[in-house]
$ cat entry35.cif   # mmCIF, C-alpha atoms
data_target
#
loop_
_atom_site.label_atom_id
_atom_site.label_comp_id
_atom_site.auth_asym_id
_atom_site.auth_seq_id
_atom_site.Cartn_x
_atom_site.Cartn_y
_atom_site.Cartn_z
CA MET J 26 -3.65 -1.49 -42.08
CA THR J 27 -3.23 -4.89 -40.50
CA ALA J 28 -4.62 -6.27 -37.24
CA ASP J 29 -1.15 -6.04 -35.74
CA ASP J 30 -1.00 -2.34 -36.57
CA LEU J 31 -4.28 -1.71 -34.76
CA TRP J 32 -4.28 -4.02 -31.78
CA ARG J 33 -0.90 -5.62 -31.17
CA PRO J 34 1.73 -2.99 -30.42
CA ALA J 35 4.98 -4.37 -29.03
CA ALA J 36 7.14 -3.05 -26.22
CA GLY J 37 10.92 -3.11 -26.32
CA CYS J 38 11.16 -4.77 -22.89
CA GLY J 39 13.11 -7.96 -22.33
CA PRO J 40 14.02 -10.16 -19.36
CA ASP J 41 16.66 -7.62 -18.31
CA CYS J 42 13.87 -5.14 -17.49
CA LEU J 43 12.68 -7.34 -14.61
CA PRO J 44 14.52 -7.70 -11.30
CA ALA J 45 16.41 -10.98 -10.93
CA ALA J 46 14.98 -11.21 -7.41
CA VAL J 47 12.74 -8.98 -5.34
CA ASP J 48 14.79 -7.11 -2.77
CA PRO J 49 13.69 -6.47 -0.10
CA ALA J 50 11.46 -9.54 0.07
CA VAL J 51 8.96 -10.62 2.72
CA SER J 52 9.02 -13.99 4.45
CA THR J 53 7.48 -17.11 2.96
CA LEU J 54 4.81 -17.03 5.65
CA ARG J 55 3.87 -13.46 4.73
CA ARG J 56 3.66 -14.41 1.06
CA ALA J 57 1.32 -17.28 1.90
CA GLY J 58 -0.85 -14.95 3.96
CA ARG J 59 -1.06 -12.48 1.10
CA LEU J 60 -2.02 -15.22 -1.33
CA VAL J 61 -4.82 -16.40 0.95
CA GLY J 62 -6.02 -12.81 1.29
CA VAL J 63 -6.06 -12.28 -2.48
CA LEU J 64 -7.96 -15.51 -3.06
CA GLY J 65 -10.47 -14.38 -0.48
CA MET J 66 -10.90 -11.05 -2.29
CA LEU J 67 -11.43 -12.87 -5.58
CA LEU J 68 -14.15 -14.99 -4.02
CA LEU J 69 -15.70 -11.86 -2.57
CA GLY J 70 -15.54 -10.40 -6.04
CA VAL J 71 -17.63 -13.28 -7.38
CA GLY J 72 -20.37 -12.45 -4.90
CA LEU J 73 -20.01 -8.77 -5.71
CA ALA J 74 -20.43 -9.55 -9.41
CA GLY J 75 -23.94 -10.80 -8.71
CA LEU J 76 -24.86 -7.64 -6.80
CA LEU J 77 -23.41 -4.96 -9.06
CA PRO J 78 -26.16 -5.03 -11.72
CA VAL J 79 -28.86 -4.29 -9.11
CA LEU J 80 -27.01 -1.72 -7.00
CA PRO J 81 -27.68 2.02 -7.46
CA GLY J 82 -24.86 3.89 -9.16
CA ARG J 83 -23.29 5.46 -6.08
CA GLU J 84 -23.39 2.23 -4.08
CA ARG J 85 -22.03 0.27 -7.04
CA ASP J 86 -19.08 2.63 -7.41
CA ALA J 87 -18.34 2.48 -3.68
CA ALA J 88 -18.43 -1.32 -3.76
CA VAL J 89 -16.04 -1.57 -6.72
CA ARG J 90 -13.68 1.02 -5.24
CA GLY J 91 -13.68 -0.77 -1.88
CA TRP J 92 -13.04 -4.15 -3.50
CA ALA J 93 -10.12 -2.82 -5.56
CA ARG J 94 -8.52 -1.11 -2.57
CA GLY J 95 -9.04 -4.18 -0.41
CA THR J 96 -7.36 -6.38 -3.00
CA LEU J 97 -4.35 -4.05 -3.14
CA ARG J 98 -4.09 -4.17 0.65
CA ALA J 99 -4.26 -7.97 0.57
CA LEU J 100 -1.28 -7.90 -1.82
CA GLY J 101 0.64 -5.70 0.62
CA ILE J 102 0.56 -2.70 -1.73
CA ARG J 103 0.17 0.86 -0.53
CA LEU J 104 -1.93 3.10 -2.79
CA VAL J 105 -1.01 6.79 -3.12
CA VAL J 106 -3.28 9.10 -5.13
CA ARG J 107 -2.35 12.63 -6.19
CA GLY J 108 -4.83 15.01 -7.75
CA ARG J 109 -8.59 14.83 -8.16
CA LEU J 110 -10.78 13.62 -10.95
CA PRO J 111 -13.35 16.00 -12.45
CA ARG J 112 -16.88 15.50 -11.19
CA ARG J 113 -18.26 14.92 -14.66
CA ARG J 114 -17.95 11.81 -16.81
CA ALA J 115 -14.61 11.42 -18.59
CA LEU J 116 -12.41 9.12 -20.62
CA LEU J 117 -9.56 8.02 -18.36
CA VAL J 118 -6.30 7.08 -20.08
CA ALA J 119 -3.22 5.64 -18.38
CA ASN J 120 0.15 4.10 -19.06
CA HIS J 121 0.24 0.31 -18.78
CA VAL J 122 2.81 -1.50 -16.65
CA SER J 123 1.05 -4.36 -14.91
CA TRP J 124 -2.13 -6.31 -14.34
CA LEU J 125 -2.27 -4.25 -11.15
CA ASP J 126 -3.05 -1.16 -13.23
CA VAL J 127 -6.70 -2.23 -13.48
CA LEU J 128 -6.96 -2.33 -9.69
CA ALA J 129 -5.24 1.06 -9.55
CA VAL J 130 -7.81 2.68 -11.83
CA LEU J 131 -10.80 1.02 -10.13
CA ALA J 132 -9.49 2.07 -6.72
CA VAL J 133 -9.41 5.70 -7.86
CA ALA J 134 -12.40 5.85 -10.21
CA PRO J 135 -14.77 2.88 -10.59
CA ALA J 136 -14.93 3.21 -14.36
CA ARG J 137 -15.97 0.82 -17.08
CA MET J 138 -12.82 -0.73 -18.48
CA LEU J 139 -11.85 -1.55 -22.05
CA ALA J 140 -10.31 -5.03 -22.14
CA LYS J 141 -9.39 -7.70 -24.65
CA ARG J 142 -12.03 -10.36 -25.24
CA GLU J 143 -9.86 -13.09 -23.67
CA VAL J 144 -10.31 -11.52 -20.23
CA ARG J 145 -14.00 -12.49 -20.32
CA ALA J 146 -12.98 -16.17 -20.10
CA TRP J 147 -10.62 -15.77 -17.13
CA PRO J 148 -11.86 -17.59 -14.00
CA LEU J 149 -13.45 -15.25 -11.43
CA VAL J 150 -11.82 -12.12 -12.90
CA GLY J 151 -13.77 -12.37 -16.15
CA GLN J 152 -17.07 -12.73 -14.31
CA LEU J 153 -16.40 -9.68 -12.18
CA ALA J 154 -15.21 -7.68 -15.20
CA ALA J 155 -18.39 -8.45 -17.12
CA ALA J 156 -20.59 -7.54 -14.14
CA ALA J 157 -18.73 -4.23 -13.79
CA GLY J 158 -19.68 -3.33 -17.38
CA THR J 159 -16.32 -3.92 -19.06
CA VAL J 160 -16.30 -3.22 -22.80
CA PHE J 161 -14.63 -6.22 -24.42
CA VAL J 162 -12.83 -5.92 -27.75
CA ASP J 163 -11.68 -8.61 -30.15
CA ARG J 164 -8.19 -7.53 -31.16
CA ALA J 165 -8.09 -10.14 -33.91
CA ARG J 166 -10.90 -8.33 -35.76
CA PRO J 167 -9.80 -4.80 -36.59
CA ARG J 168 -13.00 -4.20 -38.56
CA GLU J 169 -14.83 -4.13 -35.23
CA LEU J 170 -12.84 -1.09 -34.11
CA PRO J 171 -15.48 1.51 -35.13
CA ALA J 172 -18.18 -0.45 -33.31
CA THR J 173 -16.00 -0.63 -30.19
CA VAL J 174 -15.41 3.13 -30.32
CA GLY J 175 -19.18 3.53 -30.61
CA ARG J 176 -19.79 1.38 -27.51
CA VAL J 177 -17.28 3.41 -25.51
CA ALA J 178 -18.89 6.67 -26.67
CA ALA J 179 -22.33 5.33 -25.71
CA ALA J 180 -21.09 4.44 -22.22
CA LEU J 181 -19.67 7.95 -21.83
CA ARG J 182 -22.92 9.55 -22.98
CA ALA J 183 -24.76 7.40 -20.44
CA GLY J 184 -22.76 9.08 -17.68
CA ARG J 185 -20.21 6.37 -16.88
CA PRO J 186 -16.47 7.07 -16.99
CA VAL J 187 -14.51 4.66 -19.17
CA ALA J 188 -10.85 3.75 -18.66
CA VAL J 189 -8.47 2.60 -21.39
CA PHE J 190 -4.76 1.84 -21.70
CA PRO J 191 -3.99 3.37 -25.11
CA GLU J 192 -0.43 2.00 -25.26
CA GLY J 193 -2.09 -1.32 -26.03
CA THR J 194 0.45 -3.44 -24.14
CA THR J 195 2.34 -3.51 -20.87
CA TRP J 196 5.95 -2.40 -20.54
CA CYS J 197 8.41 -1.94 -17.68
CA GLY J 198 7.53 1.73 -17.16
CA GLU J 199 11.15 2.83 -16.65
CA ALA J 200 13.39 2.60 -19.73
CA ALA J 201 12.37 5.09 -22.40
CA GLY J 202 13.55 2.73 -25.14
CA CYS J 203 11.06 0.12 -23.98
CA ARG J 204 7.95 2.19 -24.61
CA PRO J 205 5.64 0.72 -27.26
CA GLY J 206 6.17 2.11 -30.72
CA ARG J 207 3.71 4.73 -31.97
CA GLY J 208 2.79 5.68 -28.43
CA PHE J 209 -0.84 6.18 -27.42
CA ARG J 210 -3.17 4.71 -30.03
CA PRO J 211 -5.69 7.41 -31.00
CA ALA J 212 -8.78 5.34 -31.82
CA MET J 213 -10.48 5.46 -28.41
CA PHE J 214 -9.90 9.19 -28.11
CA GLN J 215 -12.51 9.54 -30.84
CA ALA J 216 -15.08 8.26 -28.33
CA ALA J 217 -14.34 11.24 -26.06
CA VAL J 218 -14.69 13.64 -29.00
CA ASP J 219 -17.97 12.06 -30.11
CA ALA J 220 -19.41 12.04 -26.58
CA GLY J 221 -18.20 15.56 -25.78
CA VAL J 222 -16.37 14.54 -22.59
CA PRO J 223 -12.89 15.43 -21.29
CA VAL J 224 -9.89 13.13 -21.38
CA VAL J 225 -8.16 12.68 -18.01
CA PRO J 226 -4.61 11.28 -18.21
CA LEU J 227 -3.48 9.12 -15.28
CA ARG J 228 0.15 8.34 -14.54
CA ILE J 229 0.74 5.00 -12.81
CA GLY J 230 4.05 4.22 -11.11
CA TYR J 231 5.55 1.65 -8.75
CA ARG J 232 8.15 2.40 -6.07
CA TYR J 233 9.57 1.02 -2.85
CA ALA J 234 8.10 3.09 -0.02
CA ALA J 235 11.21 3.01 2.19
CA THR J 236 13.58 4.47 -0.40
CA GLY J 237 11.29 6.00 -3.01
CA THR J 238 13.20 4.04 -5.65
CA PRO J 239 11.23 3.13 -8.81
CA THR J 240 10.93 -0.59 -9.41
CA THR J 241 9.82 -2.91 -12.20
CA ALA J 242 8.80 -5.61 -9.71
CA ALA J 243 5.14 -5.16 -10.61
CA ALA J 244 5.66 -5.25 -14.38
CA PHE J 245 4.05 -7.99 -16.47
CA LEU J 246 6.14 -8.51 -19.59
CA GLY J 247 6.77 -10.68 -22.61
CA ASP J 248 6.62 -14.43 -22.20
CA GLU J 249 6.30 -14.25 -18.43
CA THR J 250 3.23 -16.03 -17.05
CA LEU J 251 0.70 -14.25 -14.87
CA TRP J 252 1.57 -16.54 -11.95
CA GLU J 253 5.26 -15.58 -12.17
CA SER J 254 4.32 -11.92 -12.00
CA VAL J 255 1.91 -12.52 -9.10
CA ARG J 256 4.59 -14.41 -7.16
CA ARG J 257 7.01 -11.48 -7.53
CA VAL J 258 4.38 -9.02 -6.28
CA LEU J 259 3.49 -11.27 -3.33
CA ALA J 260 7.16 -11.28 -2.32
CA ALA J 261 7.74 -7.51 -2.57
CA ARG J 262 8.15 -5.50 0.62
CA ASP J 263 6.89 -1.91 0.92
CA LEU J 264 5.63 -1.74 -2.67
CA THR J 265 3.83 1.54 -3.38
CA LEU J 266 1.47 2.11 -6.29
CA SER J 267 1.03 5.77 -7.18
CA VAL J 268 -1.69 7.24 -9.37
CA ALA J 269 -1.25 10.87 -10.42
CA VAL J 270 -4.32 12.58 -11.91
CA THR J 271 -3.11 15.19 -14.40
CA ALA J 272 -4.98 18.11 -15.95
CA ALA J 273 -8.14 17.27 -17.86
CA LEU J 274 -8.09 17.86 -21.61
CA TYR J 275 -11.35 19.28 -22.92
CA ALA J 276 -11.71 18.40 -26.58
CA ALA J 277 -13.26 20.94 -28.91
CA VAL J 278 -15.98 19.84 -31.31
CA ASP J 279 -14.41 17.82 -34.14
CA ALA J 280 -11.05 17.76 -32.35
CA ASP J 281 -8.28 15.70 -33.95
CA ARG J 282 -8.07 12.47 -31.99
CA ARG J 283 -4.41 11.99 -32.95
CA LEU J 284 -3.34 15.31 -31.48
CA LEU J 285 -5.54 14.65 -28.45
CA ALA J 286 -3.75 11.32 -27.96
CA ARG J 287 -0.35 13.02 -28.19
CA ALA J 288 -1.36 15.63 -25.61
CA ALA J 289 -2.54 12.92 -23.23
CA GLU J 290 0.66 10.91 -23.76
CA SER J 291 2.77 13.96 -22.94
CA ALA J 292 0.78 14.51 -19.74
CA VAL J 293 1.36 10.91 -18.66
CA HIS J 294 5.05 10.58 -19.53
CA LEU J 295 6.45 14.10 -19.24
CA VAL J 296 4.69 15.51 -16.15
CA PRO J 297 6.40 14.30 -12.93
CA ALA J 298 4.08 12.26 -10.75
CA ALA J 299 4.74 14.56 -7.76
CA ARG J 300 3.68 17.68 -9.61
CA ARG J 301 0.25 19.11 -8.80
CA PRO J 302 -2.18 19.02 -11.74
CA ALA J 303 -2.72 22.36 -13.43
CA PRO J 304 -6.26 23.71 -13.97
CA PRO J 305 -8.11 22.05 -16.88
CA VAL J 306 -6.90 23.29 -20.24
CA PRO J 307 -9.33 23.42 -23.20
CA VAL J 308 -7.93 21.27 -25.96
CA GLY J 309 -8.96 23.86 -28.49
CA GLU J 310 -6.31 26.18 -27.09
CA LEU J 311 -3.69 23.57 -27.93
CA ASP J 312 -4.70 23.63 -31.60
CA LEU J 313 -6.23 20.19 -31.34
CA ALA J 314 -9.41 21.11 -33.17
CA ALA J 315 -9.74 19.66 -36.62
#
$ encode --input "entry35.cif" --output "structure tokens"
Amino acid sequence: MTADDLWRPAAGCGPDCLPAAVDPAVSTLRRAGRLVGVLGMLLLGVGLAGLLPVLPGRERDAAVRGWARGTLRALGIRLVVRGRLPRRRALLVANHVSWLDVLAVLAVAPARMLAKREVRAWPLVGQLAAAAGTVFVDRARPRELPATVGRVAAALRAGRPVAVFPEGTTWCGEAAGCRPGRGFRPAMFQAAVDAGVPVVPLRIGYRYAATGTPTTAAAFLGDETLWESVRRVLAARDLTLSVAVTAALYAAVDADRRLLARAAESAVHLVPAARRPAPPVPVGELDLAA
């Protein structure tokens, strides 16, 4: 198995998946105001990064949640959350559309994130990510995969939720033919099995609030630069980010991580975002035990 097989899945999205122009768009003055607000939140995040390691757990979670929600507000994005997370530690898994997805997860559940190693070097963002306990992975070294799974399992055993994007790459979130091949990668689901914690699938979506119409305005795709994506988000009017918490999957001892990944993928992509989550279903009842 090559490094590409493990770490570099590709989406079928192309330039046609992105809107030619954001419509409706806000004024240039409003865009400038949003940009100033976001820069201010990033600077606040730098100060927060220094405090997080010394804050008690509850205060740390509240600070991260507040920062993420404040950053979304600065961008002019309305956050809508449906469903509730279980009280216990869990592995959170979500579809991956945009760089905004990280803010979406942190705004709902201040979890430790799994991110590629390159994020550690990003100005401001990398510093905050490291302070928040992000687990960094080198996708160019597939032999490190078992050790990464072990670090995620250790974080779960320590009582911290961990969030991953098992599709491994962003895609537009709308066209079924654009979804990354092979779907949810199963490796990180092994961490949930090893730690004995549930998997909670999250479905992330982007719509215009006024019409309820899905949009790809927030997507971050292909050769597009981060700044191009940020500019499109800054210009969007009435952009709504929805996070639907679906039913928790409780893995039996020695559960098959591949079947667990398929069950989570079905929950994310086949359950409508507006549907209320069903009561937790033991994975063993779905014949996911090895």
$ closest_residue --input "entry35.cif" --among "J:Ser291, J:Thr194, J:Thr96, J:Thr53" --to "Phe245 (chain J)" --atoms "all atoms listed in the file"
J:Thr194
$ resolve_selection --input "entry35.cif" --expression "the PyMOL selection byres ((chain J and resi 162) around 6)" --output "PyMOL selection string"
chain J and resi 141-142+161+163-164
$ residues_around --input "entry35.cif" --residues "Pro191 (chain J)" --least-positions-apart "6" --cutoff "8 Å" --atoms "all atoms listed in the file" --output "MDAnalysis selection string"
chainID J and resid 118:120 208:211 213
$ closest_residue --input "entry35.cif" --among "J:Val61, J:Ala216, J:Ala50, J:Leu131" --to "Ala154 (chain J)" --atoms "only C-alpha atoms"
J:Leu131
$ atom_distance --input "entry35.cif" --atom1 "CA of Arg207 (chain J)" --atom2 "CA of Leu284 (chain J)"
12.7 Å
$ closest_residue --input "entry35.cif" --among "J:Leu67, J:Val270, J:Met138, J:Val177" --to "Arg107 (chain J)" --atoms "all atoms listed in the file"
J:Val270
$ resolve_selection --input "entry35.cif" --expression "the PyMOL selection byres ((chain J and resi 240) around 9)" --output "MDAnalysis selection string"
chainID J and resid 43:44 197:199 230:233 238:239 241:244 264
$ residues_around --input "entry35.cif" --residues "Leu77 (chain J)" --least-positions-apart "5" --cutoff "10 Å" --atoms "all atoms listed in the file" --output "PDB file with C-alpha atoms, in the frame of the given file"
ATOM      1  CA  GLY J  72     -20.370 -12.450  -4.900  1.00  0.00           C
ATOM      2  CA  GLY J  82     -24.860   3.890  -9.160  1.00  0.00           C
ATOM      3  CA  GLU J  84     -23.390   2.230  -4.080  1.00  0.00           C
ATOM      4  CA  ARG J  85     -22.030   0.270  -7.040  1.00  0.00           C
ATOM      5  CA  ASP J  86     -19.080   2.630  -7.410  1.00  0.00           C
ATOM      6  CA  ALA J  88     -18.430  -1.320  -3.760  1.00  0.00           C
ATOM      7  CA  VAL J  89     -16.040  -1.570  -6.720  1.00  0.00           C
ATOM      8  CA  LEU J 153     -16.400  -9.680 -12.180  1.00  0.00           C
ATOM      9  CA  ALA J 156     -20.590  -7.540 -14.140  1.00  0.00           C
ATOM     10  CA  ALA J 157     -18.730  -4.230 -13.790  1.00  0.00           C
ATOM     11  CA  GLY J 158     -19.680  -3.330 -17.380  1.00  0.00           C
TER      12      GLY J 158
END
$ closest_residue --input "entry35.cif" --among "J:Ala132, J:Val47, J:Ala178, J:Met66" --to "Ala261 (chain J)" --atoms "all atoms listed in the file"
J:Val47
$ atom_distance --input "entry35.cif" --atom1 "CA of Asp281 (chain J)" --atom2 "CA of Phe214 (chain J)"
8.9 Å
$ residues_around --input "entry35.cif" --residues "Pro186 (chain J)" --least-positions-apart "2" --cutoff "7 Å" --atoms "only C-alpha atoms" --output "PDB file with C-alpha atoms, in the coordinates of the input"
ATOM      1  CA  ARG J 114     -17.950  11.810 -16.810  1.00  0.00           C
ATOM      2  CA  ALA J 115     -14.610  11.420 -18.590  1.00  0.00           C
ATOM      3  CA  LEU J 116     -12.410   9.120 -20.620  1.00  0.00           C
ATOM      4  CA  ALA J 136     -14.930   3.210 -14.360  1.00  0.00           C
ATOM      5  CA  ARG J 137     -15.970   0.820 -17.080  1.00  0.00           C
ATOM      6  CA  LEU J 181     -19.670   7.950 -21.830  1.00  0.00           C
ATOM      7  CA  GLY J 184     -22.760   9.080 -17.680  1.00  0.00           C
ATOM      8  CA  ALA J 188     -10.850   3.750 -18.660  1.00  0.00           C
TER       9      ALA J 188
END
$ closest_residue --input "entry35.cif" --among "J:Ala183, J:Leu149, J:Val174, J:Leu246" --to "Val122 (chain J)" --atoms "only C-alpha atoms"
J:Leu246
$ atom_distance --input "entry35.cif" --atom1 "CA of Ala260 (chain J)" --atom2 "CA of Gly58 (chain J)"
10.8 Å
$ resolve_selection --input "entry35.cif" --expression "the PyMOL selection byres ((chain J and resi 104) around 7)" --output "PyMOL selection string"
chain J and resi 102-103+105-106+265-267
$ closest_residue --input "entry35.cif" --among "J:Ala172, J:Val133, J:Leu251, J:Ala273" --to "Ala87 (chain J)" --atoms "only C-alpha atoms"
J:Val133
$ decode --input "entry35.cif" --residues "region 130-153 of chain J" --atoms "N, CA, C and O atoms" --output "PDB file, in the first residue's frame"
ATOM      1  N   VAL J 130     -16.554  22.230  14.205  1.00  0.00           N
ATOM      2  CA  VAL J 130     -16.400  21.189  15.215  1.00  0.00           C
ATOM      3  C   VAL J 130     -16.039  21.799  16.569  1.00  0.00           C
ATOM      4  O   VAL J 130     -16.619  21.450  17.604  1.00  0.00           O
ATOM      5  N   LEU J 131     -15.079  22.738  16.576  1.00  0.00           N
ATOM      6  CA  LEU J 131     -14.660  23.348  17.838  1.00  0.00           C
ATOM      7  C   LEU J 131     -15.779  24.151  18.478  1.00  0.00           C
ATOM      8  O   LEU J 131     -15.862  24.255  19.704  1.00  0.00           O
ATOM      9  N   ALA J 132     -16.656  24.728  17.663  1.00  0.00           N
ATOM     10  CA  ALA J 132     -17.771  25.500  18.196  1.00  0.00           C
ATOM     11  C   ALA J 132     -18.817  24.605  18.852  1.00  0.00           C
ATOM     12  O   ALA J 132     -19.573  25.046  19.721  1.00  0.00           O
ATOM     13  N   VAL J 133     -18.863  23.347  18.437  1.00  0.00           N
ATOM     14  CA  VAL J 133     -19.831  22.401  18.990  1.00  0.00           C
ATOM     15  C   VAL J 133     -19.214  21.586  20.120  1.00  0.00           C
ATOM     16  O   VAL J 133     -19.816  21.402  21.182  1.00  0.00           O
ATOM     17  N   ALA J 134     -18.008  21.085  19.896  1.00  0.00           N
ATOM     18  CA  ALA J 134     -17.323  20.250  20.877  1.00  0.00           C
ATOM     19  C   ALA J 134     -15.832  20.553  20.821  1.00  0.00           C
ATOM     20  O   ALA J 134     -15.171  20.175  19.857  1.00  0.00           O
ATOM     21  N   PRO J 135     -15.306  21.253  21.806  1.00  0.00           N
ATOM     22  CA  PRO J 135     -13.871  21.591  21.805  1.00  0.00           C
ATOM     23  C   PRO J 135     -13.007  20.340  21.926  1.00  0.00           C
ATOM     24  O   PRO J 135     -12.530  19.986  22.998  1.00  0.00           O
ATOM     25  N   ALA J 136     -12.832  19.651  20.818  1.00  0.00           N
ATOM     26  CA  ALA J 136     -12.112  18.392  20.800  1.00  0.00           C
ATOM     27  C   ALA J 136     -10.676  18.604  20.333  1.00  0.00           C
ATOM     28  O   ALA J 136     -10.339  19.625  19.719  1.00  0.00           O
ATOM     29  N   ARG J 137      -9.843  17.636  20.613  1.00  0.00           N
ATOM     30  CA  ARG J 137      -8.520  17.612  19.981  1.00  0.00           C
ATOM     31  C   ARG J 137      -8.709  17.212  18.528  1.00  0.00           C
ATOM     32  O   ARG J 137      -9.466  16.284  18.226  1.00  0.00           O
ATOM     33  N   MET J 138      -8.041  17.918  17.632  1.00  0.00           N
ATOM     34  CA  MET J 138      -8.198  17.654  16.210  1.00  0.00           C
ATOM     35  C   MET J 138      -7.049  16.793  15.703  1.00  0.00           C
ATOM     36  O   MET J 138      -5.941  16.803  16.260  1.00  0.00           O
ATOM     37  N   LEU J 139      -7.307  16.066  14.630  1.00  0.00           N
ATOM     38  CA  LEU J 139      -6.256  15.380  13.884  1.00  0.00           C
ATOM     39  C   LEU J 139      -6.000  16.202  12.635  1.00  0.00           C
ATOM     40  O   LEU J 139      -6.923  16.485  11.864  1.00  0.00           O
ATOM     41  N   ALA J 140      -4.760  16.634  12.430  1.00  0.00           N
ATOM     42  CA  ALA J 140      -4.439  17.519  11.305  1.00  0.00           C
ATOM     43  C   ALA J 140      -3.115  17.116  10.678  1.00  0.00           C
ATOM     44  O   ALA J 140      -2.253  16.517  11.335  1.00  0.00           O
ATOM     45  N   LYS J 141      -2.943  17.472   9.410  1.00  0.00           N
ATOM     46  CA  LYS J 141      -1.683  17.200   8.749  1.00  0.00           C
ATOM     47  C   LYS J 141      -0.573  18.042   9.368  1.00  0.00           C
ATOM     48  O   LYS J 141      -0.814  19.131   9.894  1.00  0.00           O
ATOM     49  N   ARG J 142       0.639  17.538   9.300  1.00  0.00           N
ATOM     50  CA  ARG J 142       1.779  18.173   9.954  1.00  0.00           C
ATOM     51  C   ARG J 142       1.989  19.607   9.473  1.00  0.00           C
ATOM     52  O   ARG J 142       2.422  20.472  10.237  1.00  0.00           O
ATOM     53  N   GLU J 143       1.663  19.889   8.198  1.00  0.00           N
ATOM     54  CA  GLU J 143       1.913  21.217   7.640  1.00  0.00           C
ATOM     55  C   GLU J 143       1.159  22.316   8.392  1.00  0.00           C
ATOM     56  O   GLU J 143       1.594  23.471   8.418  1.00  0.00           O
ATOM     57  N   VAL J 144       0.032  21.963   9.010  1.00  0.00           N
ATOM     58  CA  VAL J 144      -0.749  22.962   9.725  1.00  0.00           C
ATOM     59  C   VAL J 144       0.053  23.555  10.880  1.00  0.00           C
ATOM     60  O   VAL J 144      -0.109  24.726  11.229  1.00  0.00           O
ATOM     61  N   ARG J 145       0.929  22.757  11.463  1.00  0.00           N
ATOM     62  CA  ARG J 145       1.743  23.234  12.601  1.00  0.00           C
ATOM     63  C   ARG J 145       2.566  24.452  12.229  1.00  0.00           C
ATOM     64  O   ARG J 145       2.860  25.298  13.092  1.00  0.00           O
ATOM     65  N   ALA J 146       2.947  24.594  10.947  1.00  0.00           N
ATOM     66  CA  ALA J 146       3.795  25.703  10.511  1.00  0.00           C
ATOM     67  C   ALA J 146       2.991  26.925  10.054  1.00  0.00           C
ATOM     68  O   ALA J 146       3.578  27.955   9.728  1.00  0.00           O
ATOM     69  N   TRP J 147       1.659  26.833  10.017  1.00  0.00           N
ATOM     70  CA  TRP J 147       0.867  27.974   9.576  1.00  0.00           C
ATOM     71  C   TRP J 147       0.951  29.105  10.601  1.00  0.00           C
ATOM     72  O   TRP J 147       0.866  28.848  11.808  1.00  0.00           O
ATOM     73  N   PRO J 148       1.113  30.339  10.154  1.00  0.00           N
ATOM     74  CA  PRO J 148       1.177  31.472  11.087  1.00  0.00           C
ATOM     75  C   PRO J 148      -0.103  31.566  11.919  1.00  0.00           C
ATOM     76  O   PRO J 148      -1.213  31.411  11.401  1.00  0.00           O
ATOM     77  N   LEU J 149       0.034  31.798  13.200  1.00  0.00           N
ATOM     78  CA  LEU J 149      -1.059  31.992  14.146  1.00  0.00           C
ATOM     79  C   LEU J 149      -1.903  30.731  14.314  1.00  0.00           C
ATOM     80  O   LEU J 149      -2.074  30.231  15.420  1.00  0.00           O
ATOM     81  N   VAL J 150      -2.447  30.210  13.217  1.00  0.00           N
ATOM     82  CA  VAL J 150      -3.326  29.040  13.294  1.00  0.00           C
ATOM     83  C   VAL J 150      -2.576  27.829  13.846  1.00  0.00           C
ATOM     84  O   VAL J 150      -3.090  27.099  14.696  1.00  0.00           O
ATOM     85  N   GLY J 151      -1.354  27.614  13.372  1.00  0.00           N
ATOM     86  CA  GLY J 151      -0.569  26.485  13.837  1.00  0.00           C
ATOM     87  C   GLY J 151      -0.258  26.562  15.322  1.00  0.00           C
ATOM     88  O   GLY J 151      -0.284  25.554  16.032  1.00  0.00           O
ATOM     89  N   GLN J 152       0.023  27.757  15.801  1.00  0.00           N
ATOM     90  CA  GLN J 152       0.317  27.943  17.221  1.00  0.00           C
ATOM     91  C   GLN J 152      -0.900  27.622  18.080  1.00  0.00           C
ATOM     92  O   GLN J 152      -0.806  26.946  19.105  1.00  0.00           O
ATOM     93  N   LEU J 153      -2.056  28.105  17.645  1.00  0.00           N
ATOM     94  CA  LEU J 153      -3.277  27.829  18.395  1.00  0.00           C
ATOM     95  C   LEU J 153      -3.627  26.346  18.336  1.00  0.00           C
ATOM     96  O   LEU J 153      -4.046  25.757  19.338  1.00  0.00           O
TER      97      LEU J 153
END
